[in-house]
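Novice: This is model-v5.cif (mmCIF, C-alpha atoms).
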data_target
#
loop_
_atom_site.label_atom_id
_atom_site.label_comp_id
_atom_site.auth_asym_id
_atom_site.auth_seq_id
_atom_site.Cartn_x
_atom_site.Cartn_y
_atom_site.Cartn_z
CA MET P 1 -39.17 -14.24 10.81
CA ALA P 2 -40.05 -17.83 9.90
CA ILE P 3 -37.55 -20.26 11.39
CA VAL P 4 -36.97 -23.73 9.93
CA ILE P 5 -35.76 -26.48 12.25
CA SER P 6 -33.77 -29.53 11.18
CA VAL P 7 -32.05 -32.16 13.33
CA LEU P 8 -28.56 -33.65 13.62
CA ASP P 9 -28.25 -36.82 15.69
CA GLN P 10 -24.90 -38.34 16.59
CA SER P 11 -26.28 -41.64 17.96
CA PRO P 12 -24.59 -41.13 21.34
CA ILE P 13 -23.90 -44.19 23.51
CA TYR P 14 -24.38 -43.08 27.10
CA PRO P 15 -23.06 -45.04 30.11
CA GLY P 16 -25.12 -48.20 30.58
CA GLU P 17 -26.45 -48.14 27.00
CA THR P 18 -25.59 -50.33 24.01
CA PRO P 19 -24.99 -49.39 20.36
CA GLU P 20 -28.25 -51.15 19.53
CA GLU P 21 -30.11 -48.85 21.92
CA ALA P 22 -28.33 -45.81 20.51
CA PHE P 23 -29.52 -46.63 16.99
CA GLN P 24 -33.06 -47.36 18.23
CA HIS P 25 -33.08 -43.87 19.73
CA THR P 26 -31.88 -42.38 16.44
CA VAL P 27 -34.72 -44.08 14.55
CA LYS P 28 -37.32 -42.86 17.07
CA LEU P 29 -35.94 -39.33 16.94
CA ALA P 30 -36.07 -39.33 13.12
CA GLN P 31 -39.69 -40.45 13.23
CA LEU P 32 -40.55 -37.78 15.82
CA SER P 33 -38.78 -35.14 13.70
CA GLU P 34 -40.95 -36.13 10.75
CA ARG P 35 -44.15 -35.94 12.82
CA LEU P 36 -43.16 -32.50 14.10
CA GLY P 37 -42.63 -31.23 10.57
CA PHE P 38 -38.89 -30.58 10.78
CA ARG P 39 -37.20 -30.17 7.38
CA ARG P 40 -34.30 -32.64 7.48
CA PHE P 41 -32.67 -35.26 9.71
CA TRP P 42 -28.91 -35.75 9.49
CA VAL P 43 -26.54 -38.26 11.09
CA SER P 44 -22.84 -37.87 11.81
CA GLU P 45 -19.66 -39.85 11.17
CA HIS P 46 -17.36 -40.80 14.05
CA HIS P 47 -14.71 -43.50 14.22
CA ASP P 48 -12.98 -45.50 16.96
CA SER P 49 -15.36 -44.17 19.60
CA GLU P 50 -17.09 -45.86 22.50
CA GLN P 51 -19.34 -42.82 22.99
CA VAL P 52 -20.84 -42.55 19.48
CA ALA P 53 -22.34 -45.36 17.37
CA GLY P 54 -22.59 -43.69 13.97
CA SER P 55 -19.46 -44.74 12.07
CA SER P 56 -21.18 -45.31 8.69
CA PRO P 57 -23.69 -42.56 7.89
CA GLU P 58 -24.60 -43.87 4.44
CA VAL P 59 -25.77 -47.18 5.96
CA LEU P 60 -27.71 -45.40 8.69
CA VAL P 61 -29.25 -42.98 6.18
CA SER P 62 -30.54 -45.93 4.16
CA HIS P 63 -32.21 -47.42 7.24
CA LEU P 64 -33.73 -44.09 8.28
CA LEU P 65 -35.14 -43.48 4.81
CA ALA P 66 -36.92 -46.84 5.09
CA LYS P 67 -38.25 -45.95 8.56
CA THR P 68 -39.65 -42.54 7.51
CA GLU P 69 -41.81 -41.29 4.66
CA ARG P 70 -41.33 -37.58 3.96
CA ILE P 71 -38.49 -35.94 5.88
CA ARG P 72 -35.19 -35.34 4.10
CA VAL P 73 -32.41 -37.57 5.46
CA GLY P 74 -28.70 -37.09 5.04
CA SER P 75 -25.14 -37.02 6.31
CA GLY P 76 -23.80 -34.40 8.63
CA GLY P 77 -21.39 -35.27 7.26
CA ILE P 78 -19.30 -37.64 5.20
CA MET P 79 -15.62 -37.04 6.06
CA LEU P 80 -14.54 -36.76 2.45
CA GLN P 81 -10.79 -36.71 3.09
CA HIS P 82 -10.97 -40.48 3.74
CA TYR P 83 -12.86 -41.55 0.64
CA SER P 84 -13.05 -41.67 -3.12
CA PRO P 85 -15.50 -39.03 -4.40
CA TYR P 86 -16.61 -41.57 -6.97
CA LYS P 87 -17.64 -44.13 -4.36
CA VAL P 88 -19.37 -41.50 -2.21
CA ALA P 89 -21.32 -40.38 -5.29
CA GLU P 90 -22.33 -44.00 -6.04
CA ASN P 91 -23.52 -44.53 -2.47
CA PHE P 92 -25.65 -41.41 -2.40
CA ASN P 93 -26.95 -41.88 -5.93
CA VAL P 94 -28.26 -45.27 -4.80
CA LEU P 95 -29.92 -43.60 -1.80
CA ALA P 96 -31.40 -40.85 -3.99
CA SER P 97 -32.80 -43.49 -6.34
CA LEU P 98 -34.37 -45.37 -3.42
CA ALA P 99 -35.92 -42.21 -1.93
CA PRO P 100 -36.27 -39.59 -4.69
CA GLY P 101 -36.05 -35.98 -3.51
CA ARG P 102 -35.24 -36.87 0.11
CA VAL P 103 -31.45 -37.29 0.26
CA ASP P 104 -28.86 -34.75 1.47
CA LEU P 105 -25.10 -35.23 1.15
CA GLY P 106 -23.22 -33.11 3.67
CA VAL P 107 -19.43 -33.36 3.45
CA GLY P 108 -16.78 -32.15 5.87
CA ARG P 109 -13.03 -32.01 6.32
CA ALA P 110 -12.67 -33.20 9.94
CA PRO P 111 -11.08 -36.62 10.57
CA GLY P 112 -14.06 -37.85 12.59
CA GLY P 113 -11.80 -39.80 14.88
CA LEU P 114 -8.32 -40.37 16.24
CA PRO P 115 -5.12 -40.59 14.15
CA ARG P 116 -5.18 -44.39 14.13
CA SER P 117 -8.70 -44.48 12.60
CA THR P 118 -7.59 -41.97 9.96
CA GLN P 119 -4.63 -44.23 9.16
CA ALA P 120 -6.93 -47.24 8.89
CA LEU P 121 -9.44 -45.43 6.67
CA GLN P 122 -6.74 -44.19 4.32
CA GLN P 123 -4.69 -47.38 4.31
CA GLY P 124 -2.93 -47.96 1.00
CA GLY P 125 -3.97 -44.60 -0.42
CA ALA P 126 -1.64 -42.20 -2.19
CA GLU P 127 -1.38 -38.55 -1.21
CA ALA P 128 -4.94 -37.23 -1.25
CA PRO P 129 -6.11 -34.25 -3.31
CA SER P 130 -7.31 -31.15 -1.47
CA LEU P 131 -10.80 -31.06 0.01
CA THR P 132 -11.82 -28.46 -2.58
CA ASP P 133 -10.69 -30.70 -5.44
CA LYS P 134 -12.52 -33.66 -3.93
CA ILE P 135 -15.76 -31.69 -3.56
CA ILE P 136 -15.52 -30.49 -7.17
CA GLU P 137 -15.07 -34.06 -8.37
CA LEU P 138 -17.87 -35.32 -6.11
CA GLU P 139 -20.30 -32.74 -7.49
CA GLN P 140 -19.35 -33.66 -11.04
CA TYR P 141 -20.08 -37.31 -10.37
CA VAL P 142 -23.36 -36.57 -8.54
CA HIS P 143 -24.63 -34.48 -11.46
CA ASN P 144 -23.05 -36.66 -14.17
CA ARG P 145 -20.96 -33.88 -15.66
CA LEU P 146 -17.39 -35.01 -15.26
CA ALA P 147 -15.14 -32.50 -17.00
CA ALA P 148 -14.13 -33.36 -20.55
CA ASP P 149 -10.46 -32.99 -19.64
CA HIS P 150 -10.73 -35.28 -16.58
CA PRO P 151 -8.55 -38.41 -16.88
CA LEU P 152 -11.71 -40.53 -16.39
CA ALA P 153 -13.99 -38.51 -18.70
CA GLY P 154 -17.11 -40.48 -19.58
CA LEU P 155 -17.23 -42.36 -16.29
CA LYS P 156 -20.64 -42.39 -14.58
CA ALA P 157 -21.36 -42.91 -10.87
CA GLY P 158 -24.40 -45.10 -11.45
CA PRO P 159 -27.24 -45.26 -10.87
CA LEU P 160 -28.11 -41.77 -12.10
CA PRO P 161 -31.17 -40.69 -10.09
CA GLY P 162 -33.80 -38.35 -11.51
CA THR P 163 -33.22 -36.08 -8.50
CA PRO P 164 -29.57 -36.09 -7.38
CA PRO P 165 -28.71 -35.80 -3.68
CA GLU P 166 -28.29 -32.21 -2.49
CA LEU P 167 -24.66 -31.42 -1.69
CA TYR P 168 -23.72 -29.30 1.35
CA VAL P 169 -20.29 -28.15 2.57
CA LEU P 170 -19.88 -28.39 6.35
CA GLY P 171 -17.34 -26.46 8.38
CA ALA P 172 -16.55 -24.42 11.46
CA SER P 173 -14.25 -21.73 10.11
CA VAL P 174 -14.08 -18.83 7.70
CA ALA P 175 -11.87 -20.98 5.44
CA SER P 176 -14.59 -23.62 5.03
CA ALA P 177 -17.12 -20.89 4.26
CA GLU P 178 -14.83 -19.57 1.54
CA ILE P 179 -14.55 -23.04 0.01
CA ALA P 180 -18.34 -23.39 -0.13
CA ALA P 181 -18.68 -19.88 -1.59
CA SER P 182 -16.07 -20.48 -4.29
CA LEU P 183 -17.88 -23.66 -5.36
CA GLY P 184 -21.34 -22.06 -5.27
CA LEU P 185 -22.66 -24.69 -2.84
CA PRO P 186 -24.87 -24.54 0.26
CA TYR P 187 -22.93 -24.11 3.51
CA VAL P 188 -23.51 -25.31 7.07
CA PHE P 189 -21.54 -23.66 9.89
CA SER P 190 -21.10 -25.99 12.87
CA LEU P 191 -21.46 -23.63 15.82
CA PHE P 192 -21.72 -26.53 18.27
CA ILE P 193 -18.13 -27.42 17.31
CA SER P 194 -16.67 -23.93 16.93
CA GLY P 195 -18.36 -22.55 20.04
CA ASP P 196 -17.71 -19.00 18.81
CA GLN P 197 -20.69 -17.04 17.53
CA ALA P 198 -18.46 -14.20 16.28
CA VAL P 199 -16.61 -16.65 14.01
CA ALA P 200 -19.94 -18.02 12.80
CA LEU P 201 -21.16 -14.56 11.83
CA GLU P 202 -17.85 -13.77 10.10
CA ALA P 203 -18.00 -17.07 8.19
CA ILE P 204 -21.57 -16.45 7.04
CA ARG P 205 -20.62 -12.94 5.84
CA ALA P 206 -17.59 -14.32 3.96
CA TYR P 207 -19.76 -17.02 2.42
CA ARG P 208 -22.36 -14.61 1.13
CA SER P 209 -19.92 -11.98 -0.11
CA GLY P 210 -17.76 -14.51 -1.95
CA PHE P 211 -20.50 -16.76 -3.31
CA ASP P 212 -20.08 -17.77 -6.96
CA THR P 213 -23.44 -17.29 -8.67
CA SER P 214 -22.17 -18.29 -12.13
CA GLN P 215 -24.09 -21.59 -12.01
CA GLY P 216 -27.38 -19.83 -11.30
CA ARG P 217 -27.48 -20.68 -7.59
CA GLU P 218 -27.94 -18.33 -4.65
CA PRO P 219 -26.19 -18.65 -1.28
CA GLN P 220 -27.90 -20.97 1.19
CA ALA P 221 -26.44 -20.77 4.70
CA ILE P 222 -27.48 -22.91 7.65
CA ILE P 223 -26.19 -22.91 11.23
CA ALA P 224 -25.86 -26.16 13.18
CA LEU P 225 -25.97 -25.68 16.94
CA ALA P 226 -26.60 -27.39 20.24
CA VAL P 227 -30.04 -26.65 21.68
CA LEU P 228 -31.65 -27.79 24.90
CA ALA P 229 -35.23 -26.82 25.71
CA ALA P 230 -36.80 -27.78 29.05
CA GLU P 231 -39.85 -26.98 31.14
CA THR P 232 -37.87 -24.58 33.35
CA GLU P 233 -34.59 -22.67 33.20
CA ALA P 234 -33.32 -24.65 36.19
CA GLU P 235 -34.03 -27.97 34.49
CA ALA P 236 -32.31 -26.84 31.29
CA LYS P 237 -29.22 -25.80 33.24
CA GLU P 238 -29.17 -29.10 35.11
CA LEU P 239 -29.57 -31.17 31.94
CA ALA P 240 -26.81 -29.23 30.18
CA GLY P 241 -24.48 -30.19 33.01
CA ALA P 242 -20.88 -29.11 33.24
CA HIS P 243 -19.77 -30.11 29.75
CA LYS P 244 -16.54 -28.69 28.34
CA LEU P 245 -15.05 -28.69 24.87
CA ILE P 246 -11.31 -29.28 24.49
CA ARG P 247 -9.60 -27.62 21.55
CA ILE P 248 -6.33 -29.22 20.46
CA HIS P 249 -3.70 -26.97 18.88
CA LEU P 250 -1.06 -29.14 17.17
CA ALA P 251 2.44 -27.95 16.35
CA SER P 252 1.69 -28.50 12.65
CA GLY P 253 -0.88 -25.70 12.85
CA LYS P 254 -3.93 -27.95 12.77
CA THR P 255 -6.69 -27.45 15.33
CA LEU P 256 -9.60 -29.68 16.24
CA THR P 257 -12.18 -29.93 18.98
CA VAL P 258 -13.11 -32.99 21.08
CA ALA P 259 -15.59 -33.53 23.88
CA THR P 260 -13.33 -34.63 26.73
CA ARG P 261 -9.80 -34.13 28.02
CA GLU P 262 -9.31 -37.91 27.84
CA GLN P 263 -10.10 -37.87 24.10
CA ALA P 264 -7.72 -34.95 23.62
CA GLU P 265 -4.90 -36.70 25.43
CA GLU P 266 -5.44 -39.92 23.45
CA PHE P 267 -5.51 -37.96 20.18
CA THR P 268 -2.24 -36.21 20.94
CA ARG P 269 -0.65 -39.49 22.10
CA GLN P 270 -1.49 -41.06 18.75
CA SER P 271 -0.51 -38.03 16.68
CA LYS P 272 2.93 -37.82 18.35
CA GLU P 273 3.00 -34.04 17.81
CA ALA P 274 3.67 -31.27 20.24
CA TYR P 275 0.40 -29.64 21.29
CA THR P 276 -1.44 -27.31 23.60
CA LEU P 277 -4.96 -27.80 24.95
CA GLU P 278 -7.59 -25.11 25.40
CA GLU P 279 -10.68 -25.73 27.52
CA ARG P 280 -13.82 -23.93 26.33
CA GLU P 281 -17.42 -23.64 27.38
CA PRO P 282 -19.67 -25.30 24.80
CA GLU P 283 -22.11 -23.08 22.94
CA ILE P 284 -25.52 -24.41 24.01
CA THR P 285 -28.74 -22.54 23.35
CA LYS P 286 -30.74 -23.57 26.40
CA GLY P 287 -33.69 -22.64 28.58
CA THR P 288 -37.45 -22.73 28.40
CA LYS P 289 -39.05 -22.90 24.98
CA GLU P 290 -39.68 -19.14 25.14
CA ALA P 291 -36.05 -18.43 26.01
CA VAL P 292 -34.75 -20.74 23.29
CA ARG P 293 -37.06 -19.13 20.76
CA GLU P 294 -35.74 -15.66 21.61
CA GLN P 295 -32.12 -16.81 21.37
CA LEU P 296 -32.66 -18.42 17.96
CA LEU P 297 -34.55 -15.39 16.67
CA ALA P 298 -31.67 -13.18 17.83
CA LEU P 299 -29.14 -15.39 16.03
CA ALA P 300 -31.32 -15.39 12.92
CA GLY P 301 -31.47 -11.60 13.05
CA ALA P 302 -27.71 -11.26 13.45
CA SER P 303 -26.81 -13.79 10.76
CA GLY P 304 -29.70 -13.63 8.30
CA VAL P 305 -29.91 -17.44 8.61
CA THR P 306 -33.39 -18.90 8.97
CA GLU P 307 -32.65 -22.64 9.09
CA PHE P 308 -31.00 -24.22 12.11
CA ILE P 309 -29.83 -27.82 12.34
CA VAL P 310 -30.19 -28.72 15.99
CA THR P 311 -28.34 -31.34 18.00
CA THR P 312 -29.37 -32.21 21.57
CA ASN P 313 -27.19 -34.52 23.64
CA VAL P 314 -28.99 -35.43 26.85
CA GLN P 315 -28.64 -38.85 28.44
CA SER P 316 -32.32 -39.19 29.31
CA PHE P 317 -33.88 -40.10 25.97
CA ASP P 318 -37.31 -38.94 27.15
CA LYS P 319 -35.81 -35.52 27.99
CA ARG P 320 -34.13 -35.44 24.59
CA LEU P 321 -37.43 -36.10 22.85
CA ARG P 322 -39.18 -33.53 25.03
CA SER P 323 -36.61 -30.90 24.10
CA PHE P 324 -37.48 -31.30 20.43
CA GLU P 325 -41.20 -31.22 21.20
CA LEU P 326 -40.76 -27.97 23.12
CA LEU P 327 -38.70 -26.53 20.27
CA HIS P 328 -41.50 -27.34 17.86
CA GLU P 329 -44.03 -25.75 20.21
CA ALA P 330 -41.86 -22.63 20.51
CA PHE P 331 -42.06 -21.83 16.82
CA ALA P 332 -45.52 -23.28 16.18
CA GLU P 333 -46.79 -20.53 18.50
CA VAL P 334 -45.04 -17.75 16.53
CA PRO P 335 -46.79 -16.23 13.48
CA ALA P 336 -44.73 -16.62 10.28
CA GLU P 337 -44.23 -12.85 9.98
CA ALA P 338 -42.86 -12.52 13.52
#
As structure tokens, what does this structure read like?
Specialist:
Amino acid sequence: MAIVISVLDQSPIYPGETPEEAFQHTVKLAQLSERLGFRRFWVSEHHDSEQVAGSSPEVLVSHLLAKTERIRVGSGGIMLQHYSPYKVAENFNVLASLAPGRVDLGVGRAPGGLPRSTQALQQGGAEAPSLTDKIIELEQYVHNRLAADHPLAGLKAGPLPGTPPELYVLGASVASAEIAASLGLPYVFSLFISGDQAVALEAIRAYRSGFDTSQGREPQAIIALAVLAAETEAEAKELAGAHKLIRIHLASGKTLTVATREQAEEFTRQSKEAYTLEEREPEITKGTKEAVREQLLALAGASGVTEFIVTTNVQSFDKRLRSFELLHEAFAEVPAEA
């Protein structure tokens, strides 16, 4: 089975590092990903965070497109609940005109930050439409086919590139998979956030079974996951450390996952809702390149997915780069029919 590797980088700011260094690392990792022949390089959106630098993916995507030549570059993703679909379409149509055929537009429903950043991002806005409605409108603007009965019919999100950005729905639940399926759009399941492979497999099945083919498209499922390849199993285990994920269950029924208990407690303080916290082991595919290869092939066999978007958060930048080199070596050594 031929496996395709892509990369998601969150521009982490580790202790003792600056945002400038974090972005320099992102640029170098994008350039390495291109040299290794990976398919795409995505960057994330986080707000009000001292641990992550990437608060404006569209700006970072523009810079990365200028620093690379061939690899697809995109957002993983734009948190669409905060923004006007029209403006998002304009931003990415500009990018697609600057780098034809190289721009991806991944959109998600997570807040990407704490309640106060959500309040700031949505300041002055009326009650927002549903995520599904926003994605529908975004796609119409991106492809210049706003519905005739839309209140703004005739409006164009210029410039109109010859090759529009490719739109992807991101999520970590069966519900998000069903949204992508109903819209007939590609879907990325974020296993590194969900941490539950059974949910990932269920979501992929729901996506494929419910996919709307009326627009002539076929389902395209991708899994995003944390991967750490090292020279030895012991080194991989040491580099992975004792990370935990904290899942917040709010009284309103909403759930979200953060990286530390401190972030969880600050989120709940700002939200002013009753809550419970659940500590979980993160889902990290780790080990030697041979072990990582076997784990990814097993997941590909179970899910039918052949493209993985990989994120690797290791403080040593050299070790982070080496992990991607080993991942490339792992599949470069496997015949395509394997």
Novice: Could you tell me which of P:Ile193, P:Ala147, P:Val107, P:Ala99 comes closest to Gly162 (chain P) if we count all atoms listed in the file?
Specialist: P:Ala99
Novice: Take the PyMOL selection byres ((chain P and resi 38) around 8), run it mentally on this structure, and tell me the resulting residues as a list in words.
Specialist: Val4, Ile5, Ser6, Val7, Ser33, Glu34, Arg35, Leu36, Gly37, Arg39, Arg40, Phe41 and Ile71 of chain P
Novice: I need the residue set behind the PyMOL selection byres ((chain P and resi 174) around 8) for this file; please write it as number ranges by chain.
Specialist: P: 172-173, 175-178, 199-200, 202-204, 206-207
Novice: When you count only C-alpha atoms, which of these residues is closest to Thr306 (chain P): P:Gln10, P:Ala221, P:Leu201, P:Glu50?
Specialist: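 The closest residue to Thr306 (chain P) is P:Ala221.
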Novice: Write out as number ranges by chain each polymer residue whose atoms come within 9 Å of Gln315 (chain P), counting all atoms listed in the file; drop sequence neighbours fewer than 3 positions from it.
Specialist: P: 12-15, 239, 318-320
Novice: Using CA of Phe324 (chain P) and CA of Ser44 (chain P) as the two end points, give the distance in Å to one decimal.
Specialist: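 Computing the Euclidean distance for CA of Phe324 (chain P) and CA of Ser44 (chain P) yields 18.2 Å.
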Novice: If the PyMOL selection byres ((chain P and resi 93) around 8) is run on the structure shown, which residues does it catch, given as number ranges by chain?
Specialist: P: 89-92, 94-97, 142, 157-161, 164-165
Novice: Between P:Val314, P:Ser190, P:Leu250, P:Lys289, which is the closest to Tyr275 (chain P) once you count only C-alpha atoms?
Specialist: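 Nearest to Tyr275 (chain P): P:Leu250.
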Novice: Between CA of Gly171 (chain P) and CA of Ala110 (chain P), what distance in Å does the model show, to one decimal?
Specialist: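 CA of Ala110 (chain P) lies at a distance of 8.3 Å from CA of Gly171 (chain P).
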Novice: Using only the atoms of region 144-152 of chain P listed in the file, plus 3 Å on each side, state the axis-aligned box centre and edge lengths in Å rounded to one decimal, as lines of an AutoDock Vina configuration file.
Specialist:
center_x = -15.8
center_y = -36.5
center_z = -17.4
size_x = 20.5
size_y = 14.0
size_z = 12.4
Novice: Taking into account all atoms listed in the file, which residue in the set P:Arg217, P:Arg208, P:Glu231, P:Val59 is nearest to Ser303 (chain P)?
Specialist: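 Between P:Arg217, P:Arg208, P:Glu231, P:Val59, the residue approaching Ser303 (chain P) most closely is P:Arg208.
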Novice: Need to verify the contact set: Val310 (chain P), 7 Å, all atoms listed in the file, exclusion of same-chain residues closer than 5 positions in sequence. Can you return it as a PyMOL selection string?
Specialist: chain P and resi 6-8+224-227
Novice: Which residues come within 10 Å of Gly108 (chain P), counting only C-alpha atoms, excluding same-chain residues fewer than 3 positions away, as an NGL selection string?
Specialist: :P and (45 or 75-81 or 111-112 or 131 or 135 or 168-172 or 176 or 188)
Novice: Those residues with C-alpha atoms, as a PDB file, in the coordinates of the input please?
Specialist:
ATOM      1  CA  GLU P  45     -19.660 -39.850  11.170  1.00  0.00           C
ATOM      2  CA  SER P  75     -25.140 -37.020   6.310  1.00  0.00           C
ATOM      3  CA  GLY P  76     -23.800 -34.400   8.630  1.00  0.00           C
ATOM      4  CA  GLY P  77     -21.390 -35.270   7.260  1.00  0.00           C
ATOM      5  CA  ILE P  78     -19.300 -37.640   5.200  1.00  0.00           C
ATOM      6  CA  MET P  79     -15.620 -37.040   6.060  1.00  0.00           C
ATOM      7  CA  LEU P  80     -14.540 -36.760   2.450  1.00  0.00           C
ATOM      8  CA  GLN P  81     -10.790 -36.710   3.090  1.00  0.00           C
ATOM      9  CA  PRO P 111     -11.080 -36.620  10.570  1.00  0.00           C
ATOM     10  CA  GLY P 112     -14.060 -37.850  12.590  1.00  0.00           C
ATOM     11  CA  LEU P 131     -10.800 -31.060   0.010  1.00  0.00           C
ATOM     12  CA  ILE P 135     -15.760 -31.690  -3.560  1.00  0.00           C
ATOM     13  CA  TYR P 168     -23.720 -29.300   1.350  1.00  0.00           C
ATOM     14  CA  VAL P 169     -20.290 -28.150   2.570  1.00  0.00           C
ATOM     15  CA  LEU P 170     -19.880 -28.390   6.350  1.00  0.00           C
ATOM     16  CA  GLY P 171     -17.340 -26.460   8.380  1.00  0.00           C
ATOM     17  CA  ALA P 172     -16.550 -24.420  11.460  1.00  0.00           C
ATOM     18  CA  SER P 176     -14.590 -23.620   5.030  1.00  0.00           C
ATOM     19  CA  VAL P 188     -23.510 -25.310   7.070  1.00  0.00           C
TER      20      VAL P 188
END
Novice: Give me the residues near Leu65 (chain P) as a ChimeraX atom specification, where near means some atom within 9 Å (using all atoms listed in the file) and where sequence neighbours in that chain fewer than 5 positions away do not count.
Specialist: /P:60,70-73,95,98-99,102-103
Novice: When you count only C-alpha atoms, which of these residues is closest to Leu297 (chain P): P:Phe331, P:Gln140, P:Ser214, P:Ile284?
Specialist: P:Phe331
Novice: Give me, please, the distance in Å between CA of Glu235 (chain P) and CA of His46 (chain P), quoted to one decimal.
Specialist: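 Pair CA of Glu235 (chain P) / CA of His46 (chain P) returns 29.3 Å.
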Novice: Could you tell me which of P:Ala229, P:Leu183, P:Lys254, P:Phe308 comes closest to Val292 (chain P) if we count only C-alpha atoms?
Specialist: P:Ala229
Novice: Output region 17-23 of chain P with all heavy atoms present, as a PDB file, in the frame of the given file.
Specialist:
ATOM      1  N   GLU P  17     -25.702 -47.864  28.222  1.00  0.00           N
ATOM      2  CA  GLU P  17     -26.450 -48.140  27.000  1.00  0.00           C
ATOM      3  C   GLU P  17     -25.598 -48.936  26.023  1.00  0.00           C
ATOM      4  O   GLU P  17     -24.370 -48.968  26.114  1.00  0.00           O
ATOM      5  CB  GLU P  17     -26.912 -46.828  26.349  1.00  0.00           C
ATOM      6  CG  GLU P  17     -27.924 -46.049  27.176  1.00  0.00           C
ATOM      7  CD  GLU P  17     -28.377 -44.775  26.499  1.00  0.00           C
ATOM      8  OE1 GLU P  17     -27.738 -44.353  25.500  1.00  0.00           O
ATOM      9  OE2 GLU P  17     -29.355 -44.179  26.969  1.00  0.00           O
ATOM     10  N   THR P  18     -26.264 -49.562  25.044  1.00  0.00           N
ATOM     11  CA  THR P  18     -25.590 -50.330  24.010  1.00  0.00           C
ATOM     12  C   THR P  18     -25.693 -49.607  22.672  1.00  0.00           C
ATOM     13  O   THR P  18     -26.553 -48.727  22.493  1.00  0.00           O
ATOM     14  CB  THR P  18     -26.234 -51.720  23.858  1.00  0.00           C
ATOM     15  OG1 THR P  18     -27.589 -51.535  23.374  1.00  0.00           O
ATOM     16  CG2 THR P  18     -26.267 -52.462  25.187  1.00  0.00           C
ATOM     17  N   PRO P  19     -24.833 -49.966  21.699  1.00  0.00           N
ATOM     18  CA  PRO P  19     -24.990 -49.390  20.360  1.00  0.00           C
ATOM     19  C   PRO P  19     -26.368 -49.655  19.766  1.00  0.00           C
ATOM     20  O   PRO P  19     -26.926 -48.796  19.064  1.00  0.00           O
ATOM     21  CB  PRO P  19     -23.881 -50.088  19.552  1.00  0.00           C
ATOM     22  CG  PRO P  19     -22.855 -50.461  20.568  1.00  0.00           C
ATOM     23  CD  PRO P  19     -23.633 -50.807  21.807  1.00  0.00           C
ATOM     24  N   GLU P  20     -26.911 -50.841  20.047  1.00  0.00           N
ATOM     25  CA  GLU P  20     -28.250 -51.150  19.530  1.00  0.00           C
ATOM     26  C   GLU P  20     -29.280 -50.153  20.058  1.00  0.00           C
ATOM     27  O   GLU P  20     -30.140 -49.670  19.302  1.00  0.00           O
ATOM     28  CB  GLU P  20     -28.642 -52.580  19.935  1.00  0.00           C
ATOM     29  CG  GLU P  20     -27.854 -53.679  19.231  1.00  0.00           C
ATOM     30  CD  GLU P  20     -26.498 -53.968  19.870  1.00  0.00           C
ATOM     31  OE1 GLU P  20     -26.127 -53.277  20.847  1.00  0.00           O
ATOM     32  OE2 GLU P  20     -25.805 -54.881  19.388  1.00  0.00           O
ATOM     33  N   GLU P  21     -29.187 -49.824  21.339  1.00  0.00           N
ATOM     34  CA  GLU P  21     -30.110 -48.850  21.920  1.00  0.00           C
ATOM     35  C   GLU P  21     -29.891 -47.467  21.328  1.00  0.00           C
ATOM     36  O   GLU P  21     -30.855 -46.724  21.065  1.00  0.00           O
ATOM     37  CB  GLU P  21     -29.942 -48.812  23.441  1.00  0.00           C
ATOM     38  CG  GLU P  21     -30.448 -50.070  24.136  1.00  0.00           C
ATOM     39  CD  GLU P  21     -30.078 -50.105  25.610  1.00  0.00           C
ATOM     40  OE1 GLU P  21     -28.940 -49.715  25.955  1.00  0.00           O
ATOM     41  OE2 GLU P  21     -30.932 -50.512  26.426  1.00  0.00           O
ATOM     42  N   ALA P  22     -28.633 -47.116  21.093  1.00  0.00           N
ATOM     43  CA  ALA P  22     -28.330 -45.810  20.510  1.00  0.00           C
ATOM     44  C   ALA P  22     -28.991 -45.662  19.140  1.00  0.00           C
ATOM     45  O   ALA P  22     -29.583 -44.616  18.823  1.00  0.00           O
ATOM     46  CB  ALA P  22     -26.815 -45.618  20.399  1.00  0.00           C
ATOM     47  N   PHE P  23     -28.915 -46.701  18.326  1.00  0.00           N
ATOM     48  CA  PHE P  23     -29.520 -46.630  16.990  1.00  0.00           C
ATOM     49  C   PHE P  23     -31.053 -46.651  17.081  1.00  0.00           C
ATOM     50  O   PHE P  23     -31.736 -45.994  16.279  1.00  0.00           O
ATOM     51  CB  PHE P  23     -29.023 -47.781  16.120  1.00  0.00           C
ATOM     52  CG  PHE P  23     -27.623 -47.584  15.607  1.00  0.00           C
ATOM     53  CD1 PHE P  23     -26.697 -48.604  15.678  1.00  0.00           C
ATOM     54  CD2 PHE P  23     -27.232 -46.371  15.048  1.00  0.00           C
ATOM     55  CE1 PHE P  23     -25.406 -48.428  15.203  1.00  0.00           C
ATOM     56  CE2 PHE P  23     -25.949 -46.184  14.562  1.00  0.00           C
ATOM     57  CZ  PHE P  23     -25.021 -47.206  14.644  1.00  0.00           C
TER      58      PHE P  23
END
